[in-house]
Amino acid sequence: MFEAGLLANRRILITGGGSGLGAAMAARFAELGASLVLCGRRAEVLQETAEQLRSHGSQVDTIVCDVRDPQAVEAMLDEIWRVAPLDVLVNNAAATFIAQTERLSARAADAILAPTLHGAMYCTLGAGRRWIDGEHAGVVLSILSTSTITGRAFTVPSAMAKSAVLAMTKSLAVEWGPKQIRLVAIAPGAFPTAGATAQLRPDGRSADPADRVPLGRVGRHDELANLASFLISDQAGYITGEMVVQDGGTHLRGSGAEDLLRWSDQQWSAHRAGRAKS
Ligand SMILES: CCCCC/C=C/C(=O)SCCNC(=O)CCNC(=O)[C@H](O)C(C)(C)COP(=O)(O)OP(=O)(O)OC[C@H]1O[C@@H](n2cnc3c(N)ncnc32)[C@H](O)[C@@H]1OP(=O)(O)O
Ligand SMILES: NC(=O)C1=CN([C@@H]2O[C@H](COP(=O)(O)OP(=O)(O)OC[C@H]3O[C@@H](n4cnc5c(N)ncnc54)[C@H](OP(=O)(O)O)[C@@H]3O)[C@@H](O)[C@H]2O)C=CC1
């Protein structure tokens with residue numbers, strides 16, 4: 001679909017690049033010639049993904065980093081820049097779970113806001129500052145959600161965090177445009193991953209997420225990885241401050257949380273208790 005070498009000589013950091021959609025993007029970017037840095041909290045997950053990519057000849061480094069920690073983010077970026085500047089940052093790491101919002105503790109809200117909003121902001125500001133100081137062009141791609149358009153009941157901290165990162169994307173597109181830094185975003189619909197399924201699809205939710213999709217199926221990881229490849233490439237060099245929705249039309253019929261309005265307090269209690277046991 002793309003010319004070979006579309007991303008040659010691009011050095012790309014993917015937060016949460018060891019699993020799920022982050023790993024899918026890593027594989028596609030590597031096929032297109034990029035060199036990669038993958039970060040996340042679990043060293044073994046990062047290693048496994050990196051080894052698979054290296055076995056196909058790709059240049060992949062891994063750094064254990066919790067993006068909730070601003071000092072850890074700065075240390076990671078220093079380590080990366082000691083070798084060479086990044087060209088692209090992908091803000092992909094995030095967290096969510098379903099819960100009745102009025103029952104969220106402050107710790108629970110922060111467990112979502114910290115990686116999803118603060119983590120993306122720390123990485124973006126750190127990369128941007130280095131690009132501006134070094135007069136280096138850059139691209140920030142953030143993986144968001146259609147909750148930025150519809151809002152979403154029962155995952156309110158995630159909807160708030162994603163909306164804030166969209167605001168950052170639009171605002172910095174203007175502020176950093178003259179510095180040749182582009183900011184773009186993708187709002188995926190349902191792209192099943194182990195992480196998303198564990199957090200969002202417990203027993204008791206209506207069965208098949210594809211049922212709600214006008215196009216009749218969930219997204220394929222390669223579809224998201226291809227859109228991401230385009231948006232970070234020079235082919236999209238005149239696009240900035242935009243979020244592309246990739247959801248098979250789903251958000252046009254609702255936010256996707258409507259089935260949870262029918263859950264009883266007993267069901268919510270059982271869900272919370274089940275989580276405590278697991
Ligand atoms: C089409 C839909 C699109 C939606 C858009 C977004 C999608 C995604 O983001 S999918 C990606 C999902 N992946 C992840 O979430 C991976 C990262 N996840 C994590 O790091 C963790 O799972 C976690 C941070 C979300 C929760 O980790 P856990 O170890 O359970 O957290 P803590 O023990 O530190 O607890 C903190 C705090 O949060 C409360 N809590 C946790 N789970 C729930 C829950 N299901 N319901 C209510 N409250 C919960 C927990 O009780 C703690 O609060 P306190 O009890 O007050 O201490
Ligand atoms: N899958 C889907 O249907 C949808 C996904 N999205 C978005 O796509 C992105 C990827 O989601 P998905 O692949 O499903 O999620 P996963 O849970 O599979 O992956 C999340 C990744 O982020 C990493 N991560 C989580 N917290 C931190 C942290 N504090 N510091 C560093 N890394 C962290 C995890 O690694 P580790 O645990 O080792 O730190 C993991 O590799 C997210 O932004 C999500 O909100 C949006 C809409 C739908």
# chains A, B, ... in the order shown; residues from 1 in each chain; ligands from 1

$ residues_around --residues "segment 25-37 of chain A" --least-positions-apart "5" --cutoff "9 Å" --atoms "only C-alpha atoms" --output "PyMOL selection string"
chain A and resi 2-15+17-18+20+49+52-53+56-63+80+221-222+224-226+228-229

$ residues_near_ligand --ligand "ligand 1" --cutoff "6 Å" --atoms "only C-alpha atoms and all ligand atoms" --output "ChimeraX atom specification"
/A:94-99,104-105,107-108,111,145,189-190,195-196,199,272

$ atom_distance --atom1 "atom CA of Arg152 of chain A" --atom2 "atom CA of Leu200 of chain A"
12.2 Å

$ residues_around --residues "Arg130 of chain A" --least-positions-apart "4" --cutoff "9 Å" --atoms "only C-alpha atoms" --output "list of chain:residue names"
A:Leu77, A:Trp81, A:Pro85, A:Leu125, A:Gly126, A:Gly134, A:Glu135, A:His136

$ write_last_selection --atoms "N, CA and C atoms" --output "short mmCIF file (atom, residue, chain, number, x, y, z; two decimals), in the first residue's frame"
data_model
loop_
_atom_site.label_atom_id
_atom_site.label_comp_id
_atom_site.auth_asym_id
_atom_site.auth_seq_id
_atom_site.Cartn_x
_atom_site.Cartn_y
_atom_site.Cartn_z
N LEU A 77 14.01 10.38 27.60
CA LEU A 77 14.27 11.23 26.43
C LEU A 77 15.75 11.61 26.35
N TRP A 81 18.03 10.85 23.13
CA TRP A 81 18.71 11.94 22.42
C TRP A 81 20.23 11.81 22.46
N PRO A 85 18.34 12.32 17.75
CA PRO A 85 17.01 12.87 18.04
C PRO A 85 15.92 11.96 17.52
N LEU A 125 5.79 17.39 25.77
CA LEU A 125 6.56 18.59 26.13
C LEU A 125 8.05 18.30 26.08
N GLY A 126 8.44 17.11 26.55
CA GLY A 126 9.87 16.77 26.54
C GLY A 126 10.42 16.64 25.14
N GLY A 134 16.83 22.00 19.30
CA GLY A 134 17.74 21.47 18.29
C GLY A 134 17.36 21.87 16.86
N GLU A 135 16.31 22.69 16.73
CA GLU A 135 15.80 23.11 15.40
C GLU A 135 15.56 21.89 14.52
N HIS A 136 14.91 20.88 15.10
CA HIS A 136 14.65 19.61 14.44
C HIS A 136 13.14 19.49 14.21
#

$ closest_residue --among "A:Ala50, A:Ile132, A:Val218, A:Val88" --to "ligand 2" --atoms "only C-alpha atoms and all ligand atoms"
A:Val218

$ atom_distance --atom1 "atom CA of Val45 of chain A" --atom2 "atom CA of Phe191 of chain A"
19.7 Å

$ select_by_dssp --residues "segment 8-255 of chain A" --states "strand (DSSP E or B)" --output "count of residues only"
39

$ select_by_dssp --residues "segment 28-264 of chain A" --states "helix (DSSP H, G or I)" --output "count of residues only"
123

$ closest_residue --among "A:Arg253, A:Arg103, A:Arg201, A:Arg129" --to "ligand 2" --atoms "only C-alpha atoms and all ligand atoms"
A:Arg201

$ decode --residues "segment 102-151 of chain A" --atoms "N, CA and C atoms" --output "mmCIF file, in the first residue's frame"
data_model
loop_
_atom_site.group_PDB
_atom_site.id
_atom_site.type_symbol
_atom_site.label_atom_id
_atom_site.label_comp_id
_atom_site.auth_asym_id
_atom_site.auth_seq_id
_atom_site.Cartn_x
_atom_site.Cartn_y
_atom_site.Cartn_z
ATOM 1 N N GLU A 102 -19.672 8.009 40.103
ATOM 2 C CA GLU A 102 -19.839 8.564 41.455
ATOM 3 C C GLU A 102 -19.145 7.703 42.505
ATOM 4 N N ARG A 103 -18.730 6.508 42.114
ATOM 5 C CA ARG A 103 -18.042 5.627 43.070
ATOM 6 C C ARG A 103 -16.523 5.641 42.877
ATOM 7 N N LEU A 104 -16.028 6.410 41.941
ATOM 8 C CA LEU A 104 -14.571 6.461 41.740
ATOM 9 C C LEU A 104 -13.907 7.178 42.909
ATOM 10 N N SER A 105 -12.877 6.581 43.452
ATOM 11 C CA SER A 105 -12.059 7.304 44.439
ATOM 12 C C SER A 105 -11.110 8.235 43.688
ATOM 13 N N ALA A 106 -10.509 9.149 44.426
ATOM 14 C CA ALA A 106 -9.521 10.038 43.798
ATOM 15 C C ALA A 106 -8.371 9.209 43.215
ATOM 16 N N ARG A 107 -7.970 8.152 43.907
ATOM 17 C CA ARG A 107 -6.871 7.288 43.404
ATOM 18 C C ARG A 107 -7.281 6.618 42.104
ATOM 19 N N ALA A 108 -8.540 6.194 42.029
ATOM 20 C CA ALA A 108 -9.012 5.513 40.818
ATOM 21 C C ALA A 108 -9.025 6.484 39.631
ATOM 22 N N ALA A 109 -9.525 7.695 39.865
ATOM 23 C CA ALA A 109 -9.531 8.696 38.775
ATOM 24 C C ALA A 109 -8.099 8.984 38.330
ATOM 25 N N ASP A 110 -7.205 9.140 39.300
ATOM 26 C CA ASP A 110 -5.812 9.454 38.954
ATOM 27 C C ASP A 110 -5.121 8.291 38.242
ATOM 28 N N ALA A 111 -5.561 7.048 38.545
ATOM 29 C CA ALA A 111 -4.955 5.881 37.875
ATOM 30 C C ALA A 111 -5.180 5.947 36.362
ATOM 31 N N ILE A 112 -6.241 6.628 35.943
ATOM 32 C CA ILE A 112 -6.522 6.780 34.503
ATOM 33 C C ILE A 112 -5.920 8.079 33.965
ATOM 34 N N LEU A 113 -6.138 9.171 34.711
ATOM 35 C CA LEU A 113 -5.643 10.468 34.214
ATOM 36 C C LEU A 113 -4.115 10.480 34.122
ATOM 37 N N ALA A 114 -3.441 9.821 35.057
ATOM 38 C CA ALA A 114 -1.976 9.948 35.125
ATOM 39 C C ALA A 114 -1.281 9.416 33.868
ATOM 40 N N PRO A 115 -1.532 8.175 33.430
ATOM 41 C CA PRO A 115 -0.864 7.743 32.200
ATOM 42 C C PRO A 115 -1.464 8.380 30.946
ATOM 43 N N THR A 116 -2.788 8.539 30.931
ATOM 44 C CA THR A 116 -3.461 8.896 29.674
ATOM 45 C C THR A 116 -3.286 10.377 29.348
ATOM 46 N N LEU A 117 -3.411 11.224 30.360
ATOM 47 C CA LEU A 117 -3.250 12.668 30.132
ATOM 48 C C LEU A 117 -1.838 13.143 30.488
ATOM 49 N N HIS A 118 -1.454 12.927 31.750
ATOM 50 C CA HIS A 118 -0.153 13.470 32.162
ATOM 51 C C HIS A 118 0.987 12.820 31.410
ATOM 52 N N GLY A 119 0.901 11.488 31.220
ATOM 53 C CA GLY A 119 1.975 10.791 30.494
ATOM 54 C C GLY A 119 2.142 11.347 29.087
ATOM 55 N N ALA A 120 1.026 11.526 28.387
ATOM 56 C CA ALA A 120 1.107 12.057 27.014
ATOM 57 C C ALA A 120 1.661 13.474 27.022
ATOM 58 N N MET A 121 1.274 14.247 28.039
ATOM 59 C CA MET A 121 1.761 15.629 28.102
ATOM 60 C C MET A 121 3.257 15.667 28.411
ATOM 61 N N TYR A 122 3.715 14.868 29.375
ATOM 62 C CA TYR A 122 5.151 14.881 29.704
ATOM 63 C C TYR A 122 5.985 14.492 28.471
ATOM 64 N N CYS A 123 5.541 13.456 27.770
ATOM 65 C CA CYS A 123 6.316 13.002 26.600
ATOM 66 C C CYS A 123 6.313 14.064 25.505
ATOM 67 N N THR A 124 5.148 14.681 25.283
ATOM 68 C CA THR A 124 5.044 15.681 24.214
ATOM 69 C C THR A 124 5.884 16.912 24.533
ATOM 70 N N LEU A 125 5.786 17.386 25.774
ATOM 71 C CA LEU A 125 6.555 18.587 26.125
ATOM 72 C C LEU A 125 8.054 18.302 26.077
ATOM 73 N N GLY A 126 8.440 17.114 26.546
ATOM 74 C CA GLY A 126 9.868 16.771 26.543
ATOM 75 C C GLY A 126 10.420 16.644 25.138
ATOM 76 N N ALA A 127 9.679 15.975 24.269
ATOM 77 C CA ALA A 127 10.147 15.833 22.883
ATOM 78 C C ALA A 127 10.123 17.193 22.179
ATOM 79 N N GLY A 128 9.043 17.944 22.377
ATOM 80 C CA GLY A 128 8.905 19.247 21.713
ATOM 81 C C GLY A 128 10.020 20.204 22.094
ATOM 82 N N ARG A 129 10.325 20.249 23.380
ATOM 83 C CA ARG A 129 11.401 21.148 23.845
ATOM 84 C C ARG A 129 12.723 20.789 23.164
ATOM 85 N N ARG A 130 12.995 19.494 23.084
ATOM 86 C CA ARG A 130 14.249 19.064 22.456
ATOM 87 C C ARG A 130 14.247 19.365 20.954
ATOM 88 N N TRP A 131 13.110 19.167 20.300
ATOM 89 C CA TRP A 131 13.037 19.490 18.866
ATOM 90 C C TRP A 131 13.262 20.986 18.641
ATOM 91 N N ILE A 132 12.621 21.795 19.467
ATOM 92 C CA ILE A 132 12.731 23.250 19.281
ATOM 93 C C ILE A 132 14.165 23.705 19.571
ATOM 94 N N ASP A 133 14.734 23.211 20.670
ATOM 95 C CA ASP A 133 16.119 23.603 21.006
ATOM 96 C C ASP A 133 17.094 23.170 19.911
ATOM 97 N N GLY A 134 16.827 21.996 19.302
ATOM 98 C CA GLY A 134 17.745 21.470 18.287
ATOM 99 C C GLY A 134 17.359 21.868 16.865
ATOM 100 N N GLU A 135 16.307 22.692 16.730
ATOM 101 C CA GLU A 135 15.800 23.106 15.399
ATOM 102 C C GLU A 135 15.564 21.889 14.516
ATOM 103 N N HIS A 136 14.905 20.885 15.104
ATOM 104 C CA HIS A 136 14.649 19.605 14.441
ATOM 105 C C HIS A 136 13.142 19.489 14.214
ATOM 106 N N ALA A 137 12.730 19.109 13.045
ATOM 107 C CA ALA A 137 11.297 18.909 12.792
ATOM 108 C C ALA A 137 10.811 17.661 13.532
ATOM 109 N N GLY A 138 9.528 17.614 13.853
ATOM 110 C CA GLY A 138 9.008 16.442 14.569
ATOM 111 C C GLY A 138 7.522 16.240 14.332
ATOM 112 N N VAL A 139 7.059 15.027 14.661
ATOM 113 C CA VAL A 139 5.625 14.708 14.563
ATOM 114 C C VAL A 139 5.210 14.030 15.871
ATOM 115 N N VAL A 140 4.068 14.453 16.411
ATOM 116 C CA VAL A 140 3.467 13.779 17.564
ATOM 117 C C VAL A 140 2.141 13.179 17.103
ATOM 118 N N LEU A 141 2.036 11.859 17.230
ATOM 119 C CA LEU A 141 0.769 11.172 16.941
ATOM 120 C C LEU A 141 0.200 10.670 18.265
ATOM 121 N N SER A 142 -1.014 11.061 18.595
ATOM 122 C CA SER A 142 -1.642 10.584 19.833
ATOM 123 C C SER A 142 -2.812 9.671 19.486
ATOM 124 N N ILE A 143 -2.869 8.539 20.194
ATOM 125 C CA ILE A 143 -3.962 7.587 19.975
ATOM 126 C C ILE A 143 -5.061 7.945 20.976
ATOM 127 N N LEU A 144 -6.168 8.430 20.484
ATOM 128 C CA LEU A 144 -7.225 8.972 21.335
ATOM 129 C C LEU A 144 -8.437 8.048 21.313
ATOM 130 N N SER A 145 -9.622 8.595 21.173
ATOM 131 C CA SER A 145 -10.842 7.780 21.267
ATOM 132 C C SER A 145 -12.001 8.618 20.739
ATOM 133 N N THR A 146 -13.054 7.956 20.278
ATOM 134 C CA THR A 146 -14.240 8.709 19.848
ATOM 135 C C THR A 146 -14.975 9.310 21.051
ATOM 136 N N SER A 147 -14.552 8.961 22.272
ATOM 137 C CA SER A 147 -15.131 9.634 23.442
ATOM 138 C C SER A 147 -14.819 11.123 23.412
ATOM 139 N N THR A 148 -13.820 11.537 22.637
ATOM 140 C CA THR A 148 -13.521 12.968 22.480
ATOM 141 C C THR A 148 -14.652 13.676 21.740
ATOM 142 N N ILE A 149 -15.469 12.903 21.012
ATOM 143 C CA ILE A 149 -16.583 13.484 20.251
ATOM 144 C C ILE A 149 -17.901 13.283 20.992
ATOM 145 N N THR A 150 -18.104 12.060 21.494
ATOM 146 C CA THR A 150 -19.414 11.711 22.061
ATOM 147 C C THR A 150 -19.452 11.856 23.577
ATOM 148 N N GLY A 151 -18.280 11.967 24.249
ATOM 149 C CA GLY A 151 -18.240 11.699 25.687
ATOM 150 C C GLY A 151 -18.489 10.212 25.881
#
